[in-house]
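Colleague: Structure file protein16.txt (compact mmCIF, C-alpha atoms and all ligand atoms) is given on the next line.
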```txt
# COMPACT_ATOMS: atom_id res chain seq x y z
CA MET A 191 2.82 1.43 -2.17
CA ALA A 192 5.89 -0.68 -2.45
CA GLY A 193 7.27 -3.63 -4.31
CA VAL A 194 6.19 -7.18 -3.52
CA ALA A 195 9.43 -7.91 -1.65
CA GLU A 196 9.01 -4.80 0.51
CA ASN A 197 5.35 -5.62 1.21
CA ASP A 198 6.36 -9.18 2.14
CA GLU A 199 8.90 -7.77 4.60
CA ARG A 200 6.45 -5.20 6.00
CA GLY A 201 3.78 -7.88 6.37
CA VAL A 202 6.09 -10.07 8.45
CA LEU A 203 7.10 -7.09 10.61
CA MET A 204 3.42 -6.27 11.26
CA ILE A 205 2.84 -9.81 12.56
CA LYS A 206 5.76 -9.31 14.97
CA PHE A 207 4.78 -5.73 15.91
CA PRO A 208 1.01 -5.41 15.29
CA ASN A 209 0.63 -2.02 16.97
CA THR A 210 3.08 -0.26 14.68
CA GLU A 211 1.79 3.13 13.57
CA HIS A 212 2.35 4.18 9.97
CA ASP A 213 3.05 7.76 9.06
CA GLU A 214 5.13 7.31 5.94
CA PRO A 215 3.96 9.35 2.93
CA ASP A 216 2.98 6.19 1.05
CA THR A 217 0.64 4.89 3.76
CA ALA A 218 -2.75 5.75 5.26
CA GLN A 219 -4.23 4.30 8.41
CA GLY A 220 -7.64 4.60 10.04
CA PRO A 221 -10.35 2.78 11.97
CA ALA A 222 -12.34 -0.10 10.47
CA GLY A 223 -14.93 1.17 8.02
CA MET A 224 -13.07 4.36 7.27
CA SER A 225 -12.77 5.44 3.67
CA GLY A 226 -10.47 8.02 2.23
CA GLU A 227 -8.19 8.95 -0.56
CA ILE A 228 -4.47 8.96 -1.14
CA ALA A 229 -3.11 11.42 -3.68
CA TRP A 230 -0.10 9.93 -5.38
CA ALA A 231 1.97 11.45 -8.17
CA PHE A 232 3.47 8.61 -10.17
CA ASN A 233 6.89 9.39 -11.57
CA ARG A 234 6.74 6.70 -14.23
CA GLU A 235 4.32 4.47 -16.07
CA GLY A 236 3.70 0.94 -14.89
CA LYS A 237 1.93 -1.22 -12.36
CA PHE A 238 2.63 -0.79 -8.67
CA ASP A 239 1.83 -3.02 -5.71
CA PHE A 240 -0.22 -1.88 -2.75
CA ALA A 241 -1.07 -3.78 0.42
CA CYS A 242 -2.92 -3.55 3.72
CA LEU A 243 -0.34 -3.80 6.49
CA ILE A 244 -2.63 -4.44 9.44
CA ALA A 245 -1.24 -7.61 11.02
CA GLY A 246 -2.37 -10.64 9.05
CA HIS A 247 -4.32 -8.72 6.39
CA TYR A 248 -1.59 -8.81 3.74
CA GLN A 249 -1.16 -12.54 4.33
CA ALA A 250 -4.95 -12.94 3.92
CA GLY A 251 -4.74 -11.37 0.48
CA MET A 252 -5.42 -7.67 1.03
CA SER A 253 -3.15 -6.46 -1.71
CA GLY A 254 -3.33 -5.51 -5.34
CA LYS A 255 -1.88 -3.49 -8.15
CA VAL A 256 -2.59 -0.03 -9.44
CA GLY A 257 -1.08 1.68 -12.42
CA GLY A 258 -1.51 3.65 -15.50
CA ARG A 259 0.01 5.39 -18.46
CA ARG A 260 0.87 8.97 -19.24
CA PRO A 261 -2.01 10.80 -20.89
CA ALA A 262 -1.62 11.25 -24.62
CA SER A 263 -0.18 14.62 -25.58
CA ALA A 264 -2.77 17.17 -26.59
CU CU A 301 -6.72 -4.86 5.88
```
Rewrite the coordinates I just gave you, this time as structure tokens.
Ligand SMILES: [Cu+2]

Modeller:
Amino acid sequence: MAGVAENDERGVLMIKFPNTEHDEPDTAQGPAGMSGEIAWAFNREGKFDFACLIAGHYQAGMSGKVGGRRPASA
């Protein structure tokens, strides 16, 4: 997950270098058809951008937002 500007920059880099491997803690990569989970501990409330960084996918619209709020105190 990253901001729109960072995803724009990453998307352009993936067009230039399509075989780039991703091993950053905020990314997951696998073969077509794979499913999985990413555990992410948000440090603040809000909406956050996510994107597919396979070359051309971000530009084709594979991106979105995820977010939430702190649970109400018990
Ligand atoms: Cu994709």

Colleague: Go through chain A residue by residue and, counting all atoms listed in the file, keep those with an atom at most 6 Å from ligand CU 301 (chain A); for each kept residue give the shortest atom pair and its distance in Å to one decimal, ordered by chain and increasing number, as CSV.

Modeller:
```
residue,atom,partner,partner_atom,distance
A:Cys242,CA,A:CU301,CU,4.6
A:Ile244,CA,A:CU301,CU,5.4
A:His247,CA,A:CU301,CU,4.6
A:Met252,CA,A:CU301,CU,5.8
```

Colleague: When you count all atoms listed in the file, which of these residues is closest to Val256 in chain A: A:Pro215, A:Gly226, A:Gly193, A:Gly220?

Modeller: A:Gly193

Colleague: Considering all atoms listed in the file, state which residue in the set A:Ile205, A:Asp198, A:Asp216, A:Ala262 is at the smallest distance from Ala231 in chain A.

Modeller: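 Smallest distance to Ala231 in chain A is found for A:Asp216.
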
Colleague: For CA of Ala218 in chain A and CA of Arg234 in chain A, quote the distance in Å rounded to one decimal.

Modeller: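 A separation of 21.7 Å between them.
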
Colleague: Pick out the closest residue to Thr210 in chain A from this set: A:Phe240, A:Ala245, A:Arg260, A:Gly254. Count all atoms listed in the file.

Modeller: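 Counting all atoms listed in the file, the residue closest to Thr210 in chain A is A:Ala245.
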
Colleague: For a test of reading the model, state the distance in Å between CA of Lys206 in chain A and CA of Asp239 in chain A, rounded to one decimal.

Modeller: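 We find that CA of Lys206 in chain A and CA of Asp239 in chain A lie 22.0 Å from each other.
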
Colleague: Go ahead and compute the interatomic distance for CA of Gln249 in chain A and CA of Pro221 in chain A, in Å to one decimal.

Modeller: 19.4 Å

Colleague: Which residue is closest to Gly257 in chain A? Choose from A:Glu214, A:Leu243, A:Gly236, A:Glu196 and count all atoms listed in the file.

Modeller: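 Distance minimum relative to Gly257 in chain A lands on A:Gly236.
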
Colleague: In terms of the shortest atom-to-atom distance over only C-alpha atoms, which of A:Ser263, A:Asn197, A:Asn209, A:Gln219 is closest to Phe238 in chain A?

Modeller: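 Checking each of A:Ser263, A:Asn197, A:Asn209, A:Gln219 against Phe238 in chain A, counting only C-alpha atoms, the winner is A:Asn197.
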
Colleague: Could you check which of A:Thr217, A:Met204, A:Pro261, A:Ser253 is closest to Glu235 in chain A, using all atoms listed in the file?

Modeller: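 Of the candidates, the smallest distance to Glu235 in chain A is held by A:Pro261.
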
Colleague: Because some atoms of range 235-261 of chain A are absent here, can you restore N, CA and C atoms and send them as a CSV table (one decimal), in the coordinates of the input?

Modeller:
```csv
chain,number,residue,atom,x,y,z
A,235,GLU,N,5.4,5.4,-15.7
A,235,GLU,CA,4.3,4.5,-16.1
A,235,GLU,C,4.6,3.1,-15.5
A,236,GLY,N,3.5,2.3,-15.3
A,236,GLY,CA,3.7,0.9,-14.9
A,236,GLY,C,2.6,0.5,-13.9
A,237,LYS,N,2.8,-0.7,-13.4
A,237,LYS,CA,1.9,-1.2,-12.4
A,237,LYS,C,2.7,-1.3,-11.0
A,238,PHE,N,2.0,-0.9,-10.0
A,238,PHE,CA,2.6,-0.8,-8.7
A,238,PHE,C,1.8,-1.6,-7.6
A,239,ASP,N,2.5,-2.2,-6.7
A,239,ASP,CA,1.8,-3.0,-5.7
A,239,ASP,C,1.4,-2.2,-4.5
A,240,PHE,N,0.2,-2.5,-4.0
A,240,PHE,CA,-0.2,-1.9,-2.8
A,240,PHE,C,-0.7,-3.0,-1.8
A,241,ALA,N,-0.7,-2.7,-0.5
A,241,ALA,CA,-1.1,-3.8,0.4
A,241,ALA,C,-1.6,-3.2,1.7
A,242,CYS,N,-2.5,-3.9,2.4
A,242,CYS,CA,-2.9,-3.6,3.7
A,242,CYS,C,-1.9,-4.1,4.7
A,243,LEU,N,-1.4,-3.3,5.6
A,243,LEU,CA,-0.3,-3.8,6.5
A,243,LEU,C,-0.8,-4.0,7.9
A,244,ILE,N,-2.1,-4.0,8.1
A,244,ILE,CA,-2.6,-4.4,9.4
A,244,ILE,C,-2.2,-5.9,9.6
A,245,ALA,N,-1.8,-6.3,10.8
A,245,ALA,CA,-1.2,-7.6,11.0
A,245,ALA,C,-2.2,-8.7,10.5
A,246,GLY,N,-1.6,-9.5,9.6
A,246,GLY,CA,-2.4,-10.6,9.0
A,246,GLY,C,-3.2,-10.3,7.8
A,247,HIS,N,-3.5,-9.1,7.5
A,247,HIS,CA,-4.3,-8.7,6.4
A,247,HIS,C,-3.6,-9.0,5.1
A,248,TYR,N,-2.3,-8.6,5.0
A,248,TYR,CA,-1.6,-8.8,3.7
A,248,TYR,C,-1.5,-10.3,3.4
A,249,GLN,N,-1.3,-11.1,4.5
A,249,GLN,CA,-1.2,-12.5,4.3
A,249,GLN,C,-2.5,-13.1,3.9
A,250,ALA,N,-3.6,-12.5,4.3
A,250,ALA,CA,-5.0,-12.9,3.9
A,250,ALA,C,-5.3,-12.5,2.5
A,251,GLY,N,-4.5,-11.7,1.9
A,251,GLY,CA,-4.7,-11.4,0.5
A,251,GLY,C,-5.1,-9.9,0.2
A,252,MET,N,-5.1,-9.1,1.2
A,252,MET,CA,-5.4,-7.7,1.0
A,252,MET,C,-4.3,-7.0,0.4
A,253,SER,N,-4.2,-7.1,-0.9
A,253,SER,CA,-3.2,-6.5,-1.7
A,253,SER,C,-3.6,-6.4,-3.2
A,254,GLY,N,-2.9,-5.6,-3.9
A,254,GLY,CA,-3.3,-5.5,-5.3
A,254,GLY,C,-2.3,-4.7,-6.1
A,255,LYS,N,-2.7,-4.3,-7.3
A,255,LYS,CA,-1.9,-3.5,-8.2
A,255,LYS,C,-2.7,-2.3,-8.7
A,256,VAL,N,-2.0,-1.2,-8.9
A,256,VAL,CA,-2.6,0.0,-9.4
A,256,VAL,C,-1.6,0.5,-10.4
A,257,GLY,N,-2.0,1.2,-11.4
A,257,GLY,CA,-1.1,1.7,-12.4
A,257,GLY,C,-1.8,2.5,-13.5
A,258,GLY,N,-1.0,2.9,-14.4
A,258,GLY,CA,-1.5,3.6,-15.5
A,258,GLY,C,-0.4,4.1,-16.5
A,259,ARG,N,-0.9,4.9,-17.4
A,259,ARG,CA,0.0,5.4,-18.5
A,259,ARG,C,-0.1,6.9,-18.5
A,260,ARG,N,0.9,7.5,-19.1
A,260,ARG,CA,0.9,9.0,-19.2
A,260,ARG,C,-0.3,9.3,-20.2
A,261,PRO,N,-1.0,10.4,-19.9
A,261,PRO,CA,-2.0,10.8,-20.9
A,261,PRO,C,-1.4,11.2,-22.2
```
